[in-house]
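The structure appears right after this line, and notes come after that.
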Amino acid sequence: MGNITEKSFKGKDLVSIRDLSKEEILFILNYAKKFENYRGNLLSGKILATIFYEPSTRTRLSFESSMLSLGGKVLGFSSSSSSSVSKGESLWDTVKTVEGYADIIVIRHPLEGAARLASEASSIPVINGGDGANQHPTQTLLDLYTISKVREGLDNFKIGFLGDLKYGRTVHSLVQALLNFDCDFYFISPEVLSLPLGFKEEIRAEGKSFVETENLLDVLSQLDILYVTRIQRERFPDPMEYEKVKNVYIITPDILKDVKKDLKILHPMPRVNEILKEVDKLPYAEYFNQSKNGVTIRKALISLLLGVTL
Amino acid sequence: MGNITEKSFKGKDLVSIRDLSKEEILFILNYAKKFENYRGNLLSGKILATIFYEPSTRTRLSFESSMLSLGGKVLGFSSSSSSSVSKGESLWDTVKTVEGYADIIVIRHPLEGAARLASEASSIPVINGGDGANQHPTQTLLDLYTISKVREGLDNFKIGFLGDLKYGRTVHSLVQALLNFDCDFYFISPEVLSLPLGFKEEIRAEGKSFVETENLLDVLSQLDILYVTRIQRERFPDPMEYEKVKNVYIITPDILKDVKKDLKILHPMPRVNEILKEVDKLPYAEYFNQSKNGVTIRKALISLLLGVTL
Amino acid sequence: MGNITEKSFKGKDLVSIRDLSKEEILFILNYAKKFENYRGNLLSGKILATIFYEPSTRTRLSFESSMLSLGGKVLGFSSSSSSSVSKGESLWDTVKTVEGYADIIVIRHPLEGAARLASEASSIPVINGGDGANQHPTQTLLDLYTISKVREGLDNFKIGFLGDLKYGRTVHSLVQALLNFDCDFYFISPEVLSLPLGFKEEIRAEGKSFVETENLLDVLSQLDILYVTRIQRERFPDPMEYEKVKNVYIITPDILKDVKKDLKILHPMPRVNEILKEVDKLPYAEYFNQSKNGVTIRKALISLLLGVTL
């Protein structure tokens with residue numbers, strides 16, 4: 001991979017977290033620190049296009065906030081109903097058109113592979129803002145950035161993943177990314193929502209072990225990071241099954257009585273009821289900081305891909 | 001209340017016009033004069049989030065114009081369908097997230113109390129851009145600003161409120177705000193849409209009297225300000241009732257034959273047919289200026305709440 | 001018309017391409033060259049309002065890109081559902097309001113004549129971004145700009161129009177504009193979609209002739225410019241009729257075997273299948289450049305109408 005510098009990223013796309021080597025990830029996380037409190041005109045005159053084929057306020061606004069904080073400008077659309085899609089235009093043509101309007105594109109699309117196609121069509125950098133159940137690499141970067149901030153690094157910690165580990169895109173990507181680092185995995189979910197076999201094999205292939213359990217309390221006191229995700233009723237073939245497990249996986253102040261004092265709880269958000277609001281004011285709650293870290297990491301990423309750096 | 005200065009407002013919210021004392025209102029109105037023709041970079045690097053859970057082009061664009069004219073930036077959403085609400089996220093969480101993306105928030109929401117809740121969730125200033133039938137304080141400020149411009153002050157004038165005085169949020173707030181000042185009230189409406197008793201009692205409690213009538217022509221020639229609102233057919237239990245009154249409350253050039261020569265007609269807009277277009281070119285028509293004043297007063301308010309002042 | 005200078009356009013509207021004389025068109029096309037690579041702060045502090053009563057991503061984003069590239073700002077709405085239209089406000093009132101928020105307006109509306117009405121209501125410049133089947137003058141300007149770039153002028157070339165010449169708004173406007181110049185027209189379409197008689201008479205009235213054919217291959221090898229438009233199935237009273245012609249009017253690499261080597265293919269976009277994607281990489285494909293030229297010409301136009309020039 002050679003020596004990584006700020007210029008290594010210029011003109012590149014970010015479609016999947018797997019496009020990035022461990023060294024590249026570490027470079028980005030380290031570079032992002034410069035952007036924690038940065039507001040300025042670094043990207044003055046540059047334009048970000050947000051082409052969102054399905055609504056995602058959080059991701060869209062986070063990218064917009066990043067670009068605006070760097071002095072750049074933003075244009076785009078926030079759902080396919082307000083785009084030329086309704087006239088039958090292909091994604092390819094839309095991207096070929098939008099590359100004439102902007103300097104960098106963030107795409108969100110309900111279909112897997114859409115972001116890869118967009119990156120092939122485009123001569124300007126493309127960032128995947130989520131393509132269906134597939135990838136959402138800036139979510140993974142902000143998760144990694146959050147962990148590295150609270151742990152002062154990405155090694156030597158125990159991370160528990162809670163909730164829907166079967167369908168959870170953010171869990172899958174984060175697990176894959178963390179395989180580059182030295183941490184212990186705990187997977188906590190009802191059996192019907194457990195981590196797919198493929199991921200477990202990947203972990204073993206790296207010579208690592210993991211703990212799998214249906215009972216949060218079995219492992220909670222050992223964890224440094226608890227990554228909570230939403231369990232959706234619709235995922236359960238049998239409603240009775242859902243009723244049985246739903247309350248076991250809700251984080252309350254009570255359940256946190258015996259945790260490590262520097263435990264941090266993460267959540268990709270939005271949450272529904274899987275973390276009670278009463279938890280927000282406890283020192284364990286890191287999810288709103290995590291969300292805010294998304295602006296920081298996206299500032300860094302846009303800067304790198306545009307090749308205009310601090 | 002102590003001495004009011006520009007710094008008195010820094011970091012505050014504006015949820016209800018009742019949050020402001022008479023002195024604060026007068027301070028804001030006076031401070032706003034500086035912004036009449038101001039275009040510049042006062043708020044360069046600052047970001048306004050417009051989180052609109054129901055569409056309101058006028059209010060949203062007015063705030064956006066204000067922020068952009070001050071050199072600031074804007075992000076947000078313009079209806080709940082394009083937000084994470086559809087994923088079940090609570091208002092509280094959305095606000096906690098958006099405060100990580102911006103420096104000040106304007107919220108519009110169909111439910112009373114939503115803006116107060118948002119102000120409690122947020123660590124950055126929140127402005128209520130309308131919460132259901134409840135409050136829309138910047139509308140009241142722009143109404144007051146308009147009156148103070150055309151009257152050169154807020155005392156010694158006769159103001160008539162016409163139309164739907166029962167449900168009209170803007171009327172209620174403006175009446176309450178004007179209780180701080182020395183003016184005479186005239187309430188003109190069909191009986192079924194007359195001002196609720198509570199407001200009348202508030203007026204009497206301030207030791208003031210008012211005139212109430214169903215007949216505009218009884219009082220029109222005495223008025224300095226005529227504040228027109230829309231009468232909605234749906235408000236009438238009996239359609240016959242509506243048919244009877246609808247033409248009595250339409251402002252035509254004809255009806256304005258004997259008014260004071262410096263009468264000014266205001267309207268919170270949008271109008272449907274309650275003021276004929278032919279009135280637009282008469283010197284009495286002030287409603288488009290009033291709308292434009294909304295940009296000025298909002299510039300001043302954003303500047304004060306952000307604590308970055310001219 | 002007198003001597004045309006940059007100042008000739010200040011404060012004007014652009015509702016129809018017919019509002020512009022040949023000299024004015026040439027002035028704009030020449031002036032636009034300055035904007036090809038321009039990014040800067042020429043319009044710093046200026047605000048463009050995009051009031052779009054029907055979605056049109058391409059036109060809206062192109063205008064926004066133009067304004068942002070000039071250092072200006074943008075506000076507006078992208079469909080009537082997110083505007084006060086739903087509250088029954090007239091176009092007139094919306095325009096009178098928006099002129100208080102911005103320095104220049106682009107309007108898109110499904111009804112013919114809407115842009116003219118807006119230009120009458122507004123005291124600030126109004127650009128027609130498409131009003132129903134009527135006019136879309138900046139499309140025509142970008143078409144002319146594209147031709148003048150590839151031909152180094154607007155005289156001495158053979159242009160073929162292909163597809164739906166009966167309803168195609170862009171074709172009609174471009175033909176009318178080209179009557180000012182010296183070029184040869186070829187109209188290629190199924191008979192049911194042929195150019196309306198009125199346009200043919202206009203051409204003859206200018207003392208020009210034209211070729212009309214149903215068979216592209218009859219004329220393709222003579223053309224310098226081929227302007228392709230979409231044929232919509234719905235235009236055919238008889239589906240059999242559509243089936244017969246649809247494949248004759250699809251541009252493939254094969255069909256382009258014997259064309260002039262500097263033939264350029266234009267298309268107002270979006271395309272569906274009337275130009276195969278395989279054609280994109282051939283030197284004849286000019287349509288994505290054409291789309292990009294839209295940003296350049298709109299930059300020039302906004303600059304001229306605002307009277308802030310390079």
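Quick note on naming: the chains in the structure tokens go A, B, ... in the order shown, residues restart at 1 in each chain, and ligands are numbered from 1 in order of appearance.
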
Expected answer as a VMD selection string: chain B residues within 8 Å of chain A, only C-alpha atoms: chain B and resid 45 to 47 73 75 to 77 82 to 84 87 to 90 93 96 to 97 100 to 102

Using only N, CA and C atoms, please write the residues we just selected to a file, as a short mmCIF file (atom, residue, chain, number, x, y, z; two decimals), in the first residue's frame.
data_model
loop_
_atom_site.label_atom_id
_atom_site.label_comp_id
_atom_site.auth_asym_id
_atom_site.auth_seq_id
_atom_site.Cartn_x
_atom_site.Cartn_y
_atom_site.Cartn_z
N GLY B 45 -19.93 31.43 8.87
CA GLY B 45 -19.52 30.23 9.62
C GLY B 45 -20.59 29.67 10.53
N LYS B 46 -21.70 30.40 10.70
CA LYS B 46 -22.78 29.89 11.55
C LYS B 46 -23.80 29.12 10.71
N ILE B 47 -24.45 28.16 11.34
CA ILE B 47 -25.43 27.33 10.64
C ILE B 47 -26.78 27.36 11.36
N LYS B 73 -25.29 29.97 6.99
CA LYS B 73 -25.69 28.85 6.14
C LYS B 73 -26.92 28.18 6.73
N LEU B 75 -29.38 24.48 6.84
CA LEU B 75 -29.68 23.10 6.48
C LEU B 75 -30.98 22.72 7.18
N GLY B 76 -31.55 21.58 6.83
CA GLY B 76 -32.77 21.17 7.51
C GLY B 76 -33.69 20.35 6.64
N PHE B 77 -34.92 20.19 7.13
CA PHE B 77 -35.93 19.50 6.33
C PHE B 77 -37.21 20.30 6.38
N SER B 82 -39.83 13.82 4.98
CA SER B 82 -38.43 13.73 4.56
C SER B 82 -37.49 13.66 5.76
N SER B 83 -38.02 13.36 6.93
CA SER B 83 -37.18 13.29 8.13
C SER B 83 -37.21 11.90 8.73
N SER B 84 -36.45 11.71 9.80
CA SER B 84 -36.37 10.41 10.46
C SER B 84 -37.60 10.11 11.30
N LYS B 87 -39.09 6.99 10.77
CA LYS B 87 -38.50 5.82 11.40
C LYS B 87 -38.85 5.76 12.88
N GLY B 88 -39.70 6.65 13.34
CA GLY B 88 -40.18 6.58 14.71
C GLY B 88 -39.33 7.34 15.71
N GLU B 89 -38.40 8.16 15.21
CA GLU B 89 -37.55 8.90 16.15
C GLU B 89 -38.36 9.98 16.86
N SER B 90 -38.07 10.15 18.14
CA SER B 90 -38.76 11.17 18.93
C SER B 90 -38.22 12.55 18.58
N ASP B 93 -34.97 13.27 20.45
CA ASP B 93 -33.75 12.73 19.86
C ASP B 93 -33.34 13.50 18.60
N LYS B 96 -31.68 16.61 19.80
CA LYS B 96 -30.35 16.30 20.35
C LYS B 96 -29.35 16.00 19.24
N THR B 97 -29.84 15.46 18.14
CA THR B 97 -28.96 15.17 17.02
C THR B 97 -28.63 16.44 16.24
N GLY B 100 -26.04 18.95 17.13
CA GLY B 100 -24.66 18.63 16.73
C GLY B 100 -24.32 19.10 15.33
N TYR B 101 -25.33 19.56 14.59
CA TYR B 101 -25.12 19.94 13.19
C TYR B 101 -25.19 21.45 12.97
N ALA B 102 -25.69 22.19 13.97
CA ALA B 102 -26.01 23.60 13.72
C ALA B 102 -25.73 24.45 14.94
#

Distance query Glu23 (chain B) at most 10 Å, only C-alpha atoms, self and fewer than 2 positions along chain excluded, as JSON, numbers by chain: {"B": [1, 2, 3, 4, 20, 21, 25, 26, 27, 28, 29, 180]}

Would you list, as a PyMOL selection string, the residues of region 198-275 of chain A that end up in helix (DSSP H, G or I) under DSSP run on this structure's backbone? chain A and resi 198-205+216-222+233-235+239-245+254-256

With C-alpha atoms kept, could you save the residues just selected as a PDB file, in the first residue's frame?
ATOM      1  CA  GLY A 198     -20.274 -15.884   7.417  1.00  0.00           C
ATOM      2  CA  PHE A 199     -19.203 -13.171   9.822  1.00  0.00           C
ATOM      3  CA  LYS A 200     -18.404 -15.679  12.542  1.00  0.00           C
ATOM      4  CA  GLU A 201     -16.207 -17.551  10.091  1.00  0.00           C
ATOM      5  CA  GLU A 202     -14.431 -14.340   9.153  1.00  0.00           C
ATOM      6  CA  ILE A 203     -13.682 -13.747  12.807  1.00  0.00           C
ATOM      7  CA  ARG A 204     -12.352 -17.252  13.287  1.00  0.00           C
ATOM      8  CA  ALA A 205     -10.315 -16.968  10.084  1.00  0.00           C
ATOM      9  CA  LEU A 216     -27.069  -9.393  28.101  1.00  0.00           C
ATOM     10  CA  LEU A 217     -26.538  -9.684  31.849  1.00  0.00           C
ATOM     11  CA  ASP A 218     -24.172 -12.612  31.329  1.00  0.00           C
ATOM     12  CA  VAL A 219     -21.592 -10.351  29.743  1.00  0.00           C
ATOM     13  CA  LEU A 220     -22.558  -6.719  30.382  1.00  0.00           C
ATOM     14  CA  SER A 221     -20.225  -6.206  33.342  1.00  0.00           C
ATOM     15  CA  GLN A 222     -17.200  -7.200  31.234  1.00  0.00           C
ATOM     16  CA  ARG A 233     -40.957  -6.399  15.491  1.00  0.00           C
ATOM     17  CA  GLU A 234     -41.278  -7.143  11.773  1.00  0.00           C
ATOM     18  CA  ARG A 235     -38.136  -9.288  11.859  1.00  0.00           C
ATOM     19  CA  PRO A 239     -45.045 -12.262  17.354  1.00  0.00           C
ATOM     20  CA  MET A 240     -44.855 -14.338  20.529  1.00  0.00           C
ATOM     21  CA  GLU A 241     -41.132 -14.641  19.964  1.00  0.00           C
ATOM     22  CA  TYR A 242     -40.840 -10.857  19.837  1.00  0.00           C
ATOM     23  CA  GLU A 243     -42.870 -10.352  22.998  1.00  0.00           C
ATOM     24  CA  LYS A 244     -40.585 -12.759  24.816  1.00  0.00           C
ATOM     25  CA  VAL A 245     -37.345 -10.950  24.041  1.00  0.00           C
ATOM     26  CA  ASP A 254     -31.199  -0.278  36.463  1.00  0.00           C
ATOM     27  CA  ILE A 255     -29.514  -2.748  34.159  1.00  0.00           C
ATOM     28  CA  LEU A 256     -26.381  -0.582  34.220  1.00  0.00           C
TER      29      LEU A 256
END

Region 140-151 of chain B environment, 9 Å, only C-alpha atoms, sequence neighbours closer than 2 positions dropped, as an MDAnalysis selection string: chainID B and resid 17 25 28:30 32 135:138 153:157 170:171 173:174 177:178 224:225 262 264 266:268 286 289:298

Mind checking DSSP for region 84-234 of chain A and telling me the strand (DSSP E) residues as a PDB file with N, CA and C atoms, in the first residue's frame?
ATOM      1  N   ILE A 104     -18.137  16.811  -5.601  1.00  0.00           N
ATOM      2  CA  ILE A 104     -18.145  15.540  -4.882  1.00  0.00           C
ATOM      3  C   ILE A 104     -19.604  15.164  -4.640  1.00  0.00           C
ATOM      4  N   ILE A 105     -19.877  13.851  -4.665  1.00  0.00           N
ATOM      5  CA  ILE A 105     -21.253  13.359  -4.568  1.00  0.00           C
ATOM      6  C   ILE A 105     -21.396  12.429  -3.367  1.00  0.00           C
ATOM      7  N   VAL A 106     -22.466  12.614  -2.594  1.00  0.00           N
ATOM      8  CA  VAL A 106     -22.870  11.589  -1.628  1.00  0.00           C
ATOM      9  C   VAL A 106     -24.159  10.975  -2.142  1.00  0.00           C
ATOM     10  N   ILE A 107     -24.191   9.674  -2.254  1.00  0.00           N
ATOM     11  CA  ILE A 107     -25.393   9.005  -2.749  1.00  0.00           C
ATOM     12  C   ILE A 107     -25.980   8.095  -1.675  1.00  0.00           C
ATOM     13  N   ARG A 108     -27.296   8.139  -1.552  1.00  0.00           N
ATOM     14  CA  ARG A 108     -28.036   7.195  -0.724  1.00  0.00           C
ATOM     15  C   ARG A 108     -29.059   6.532  -1.615  1.00  0.00           C
ATOM     16  N   HIS A 109     -29.134   5.215  -1.553  1.00  0.00           N
ATOM     17  CA  HIS A 109     -29.999   4.502  -2.506  1.00  0.00           C
ATOM     18  C   HIS A 109     -30.517   3.232  -1.841  1.00  0.00           C
ATOM     19  N   VAL A 126     -17.162   9.898  -5.197  1.00  0.00           N
ATOM     20  CA  VAL A 126     -18.481   9.466  -4.743  1.00  0.00           C
ATOM     21  C   VAL A 126     -18.343   8.831  -3.363  1.00  0.00           C
ATOM     22  N   ILE A 127     -19.187   9.266  -2.430  1.00  0.00           N
ATOM     23  CA  ILE A 127     -19.242   8.640  -1.112  1.00  0.00           C
ATOM     24  C   ILE A 127     -20.572   7.919  -0.977  1.00  0.00           C
ATOM     25  N   ASN A 128     -20.498   6.677  -0.550  1.00  0.00           N
ATOM     26  CA  ASN A 128     -21.704   5.893  -0.310  1.00  0.00           C
ATOM     27  C   ASN A 128     -22.321   6.320   1.026  1.00  0.00           C
ATOM     28  N   GLY A 129     -23.525   6.877   0.959  1.00  0.00           N
ATOM     29  CA  GLY A 129     -24.242   7.278   2.173  1.00  0.00           C
ATOM     30  C   GLY A 129     -25.252   6.228   2.594  1.00  0.00           C
ATOM     31  N   GLY A 130     -25.006   4.989   2.145  1.00  0.00           N
ATOM     32  CA  GLY A 130     -25.915   3.893   2.475  1.00  0.00           C
ATOM     33  C   GLY A 130     -26.587   3.347   1.238  1.00  0.00           C
ATOM     34  N   ASP A 131     -26.317   2.078   0.912  1.00  0.00           N
ATOM     35  CA  ASP A 131     -27.022   1.462  -0.219  1.00  0.00           C
ATOM     36  C   ASP A 131     -27.720   0.193   0.257  1.00  0.00           C
ATOM     37  N   PHE A 157      -9.919  -3.727  23.952  1.00  0.00           N
ATOM     38  CA  PHE A 157     -11.212  -3.451  24.579  1.00  0.00           C
ATOM     39  C   PHE A 157     -12.187  -4.568  24.231  1.00  0.00           C
ATOM     40  N   LYS A 158     -13.204  -4.664  25.052  1.00  0.00           N
ATOM     41  CA  LYS A 158     -14.248  -5.665  24.844  1.00  0.00           C
ATOM     42  C   LYS A 158     -15.499  -4.958  24.368  1.00  0.00           C
ATOM     43  N   ILE A 159     -15.996  -5.365  23.208  1.00  0.00           N
ATOM     44  CA  ILE A 159     -17.168  -4.705  22.628  1.00  0.00           C
ATOM     45  C   ILE A 159     -18.322  -5.696  22.495  1.00  0.00           C
ATOM     46  N   GLY A 160     -19.481  -5.304  23.027  1.00  0.00           N
ATOM     47  CA  GLY A 160     -20.669  -6.121  22.883  1.00  0.00           C
ATOM     48  C   GLY A 160     -21.624  -5.520  21.859  1.00  0.00           C
ATOM     49  N   PHE A 161     -22.131  -6.345  20.972  1.00  0.00           N
ATOM     50  CA  PHE A 161     -23.132  -5.905  20.005  1.00  0.00           C
ATOM     51  C   PHE A 161     -24.479  -6.465  20.444  1.00  0.00           C
ATOM     52  N   LEU A 162     -25.456  -5.589  20.551  1.00  0.00           N
ATOM     53  CA  LEU A 162     -26.743  -5.989  21.108  1.00  0.00           C
ATOM     54  C   LEU A 162     -27.882  -5.711  20.136  1.00  0.00           C
ATOM     55  N   CYS A 183      -9.508  -6.506  19.508  1.00  0.00           N
ATOM     56  CA  CYS A 183     -10.572  -6.350  20.498  1.00  0.00           C
ATOM     57  C   CYS A 183     -11.341  -7.664  20.625  1.00  0.00           C
ATOM     58  N   ASP A 184     -12.091  -7.791  21.712  1.00  0.00           N
ATOM     59  CA  ASP A 184     -12.871  -9.010  21.934  1.00  0.00           C
ATOM     60  C   ASP A 184     -14.345  -8.756  21.634  1.00  0.00           C
ATOM     61  N   PHE A 185     -14.935  -9.683  20.893  1.00  0.00           N
ATOM     62  CA  PHE A 185     -16.325  -9.523  20.465  1.00  0.00           C
ATOM     63  C   PHE A 185     -17.298 -10.289  21.363  1.00  0.00           C
ATOM     64  N   TYR A 186     -18.406  -9.660  21.690  1.00  0.00           N
ATOM     65  CA  TYR A 186     -19.521 -10.299  22.379  1.00  0.00           C
ATOM     66  C   TYR A 186     -20.776 -10.030  21.562  1.00  0.00           C
ATOM     67  N   PHE A 187     -21.467 -11.080  21.201  1.00  0.00           N
ATOM     68  CA  PHE A 187     -22.672 -10.909  20.398  1.00  0.00           C
ATOM     69  C   PHE A 187     -23.887 -11.306  21.218  1.00  0.00           C
ATOM     70  N   ILE A 188     -24.764 -10.353  21.454  1.00  0.00           N
ATOM     71  CA  ILE A 188     -25.905 -10.580  22.332  1.00  0.00           C
ATOM     72  C   ILE A 188     -27.188 -10.334  21.547  1.00  0.00           C
ATOM     73  N   PHE A 210     -14.899 -15.374  19.975  1.00  0.00           N
ATOM     74  CA  PHE A 210     -15.956 -14.426  20.356  1.00  0.00           C
ATOM     75  C   PHE A 210     -16.906 -15.140  21.303  1.00  0.00           C
ATOM     76  N   VAL A 211     -17.683 -14.373  22.028  1.00  0.00           N
ATOM     77  CA  VAL A 211     -18.711 -14.919  22.911  1.00  0.00           C
ATOM     78  C   VAL A 211     -20.072 -14.612  22.293  1.00  0.00           C
ATOM     79  N   GLU A 212     -20.941 -15.600  22.307  1.00  0.00           N
ATOM     80  CA  GLU A 212     -22.278 -15.395  21.776  1.00  0.00           C
ATOM     81  C   GLU A 212     -23.282 -15.770  22.863  1.00  0.00           C
ATOM     82  N   THR A 213     -24.243 -14.919  23.120  1.00  0.00           N
ATOM     83  CA  THR A 213     -25.205 -15.202  24.178  1.00  0.00           C
ATOM     84  C   THR A 213     -26.544 -14.536  23.884  1.00  0.00           C
ATOM     85  N   ILE A 225     -17.348  -1.349  25.623  1.00  0.00           N
ATOM     86  CA  ILE A 225     -18.240  -0.699  24.649  1.00  0.00           C
ATOM     87  C   ILE A 225     -19.472  -1.584  24.485  1.00  0.00           C
ATOM     88  N   LEU A 226     -20.654  -0.970  24.552  1.00  0.00           N
ATOM     89  CA  LEU A 226     -21.886  -1.694  24.228  1.00  0.00           C
ATOM     90  C   LEU A 226     -22.537  -1.004  23.030  1.00  0.00           C
ATOM     91  N   TYR A 227     -22.609  -1.741  21.932  1.00  0.00           N
ATOM     92  CA  TYR A 227     -23.156  -1.168  20.699  1.00  0.00           C
ATOM     93  C   TYR A 227     -24.587  -1.682  20.525  1.00  0.00           C
ATOM     94  N   VAL A 228     -25.555  -0.816  20.781  1.00  0.00           N
ATOM     95  CA  VAL A 228     -26.965  -1.212  20.779  1.00  0.00           C
ATOM     96  C   VAL A 228     -27.592  -0.947  19.428  1.00  0.00           C
TER      97      VAL A 228
END

Mind giving me the straight-line distance from CA of Thr94 (chain B) to CA of Gly113 (chain A) in Å, one decimal? 29.1 Å

One decimal place gives the CA of Ala118 (chain A)-CA of Val95 (chain A) separation as 6.2 Å
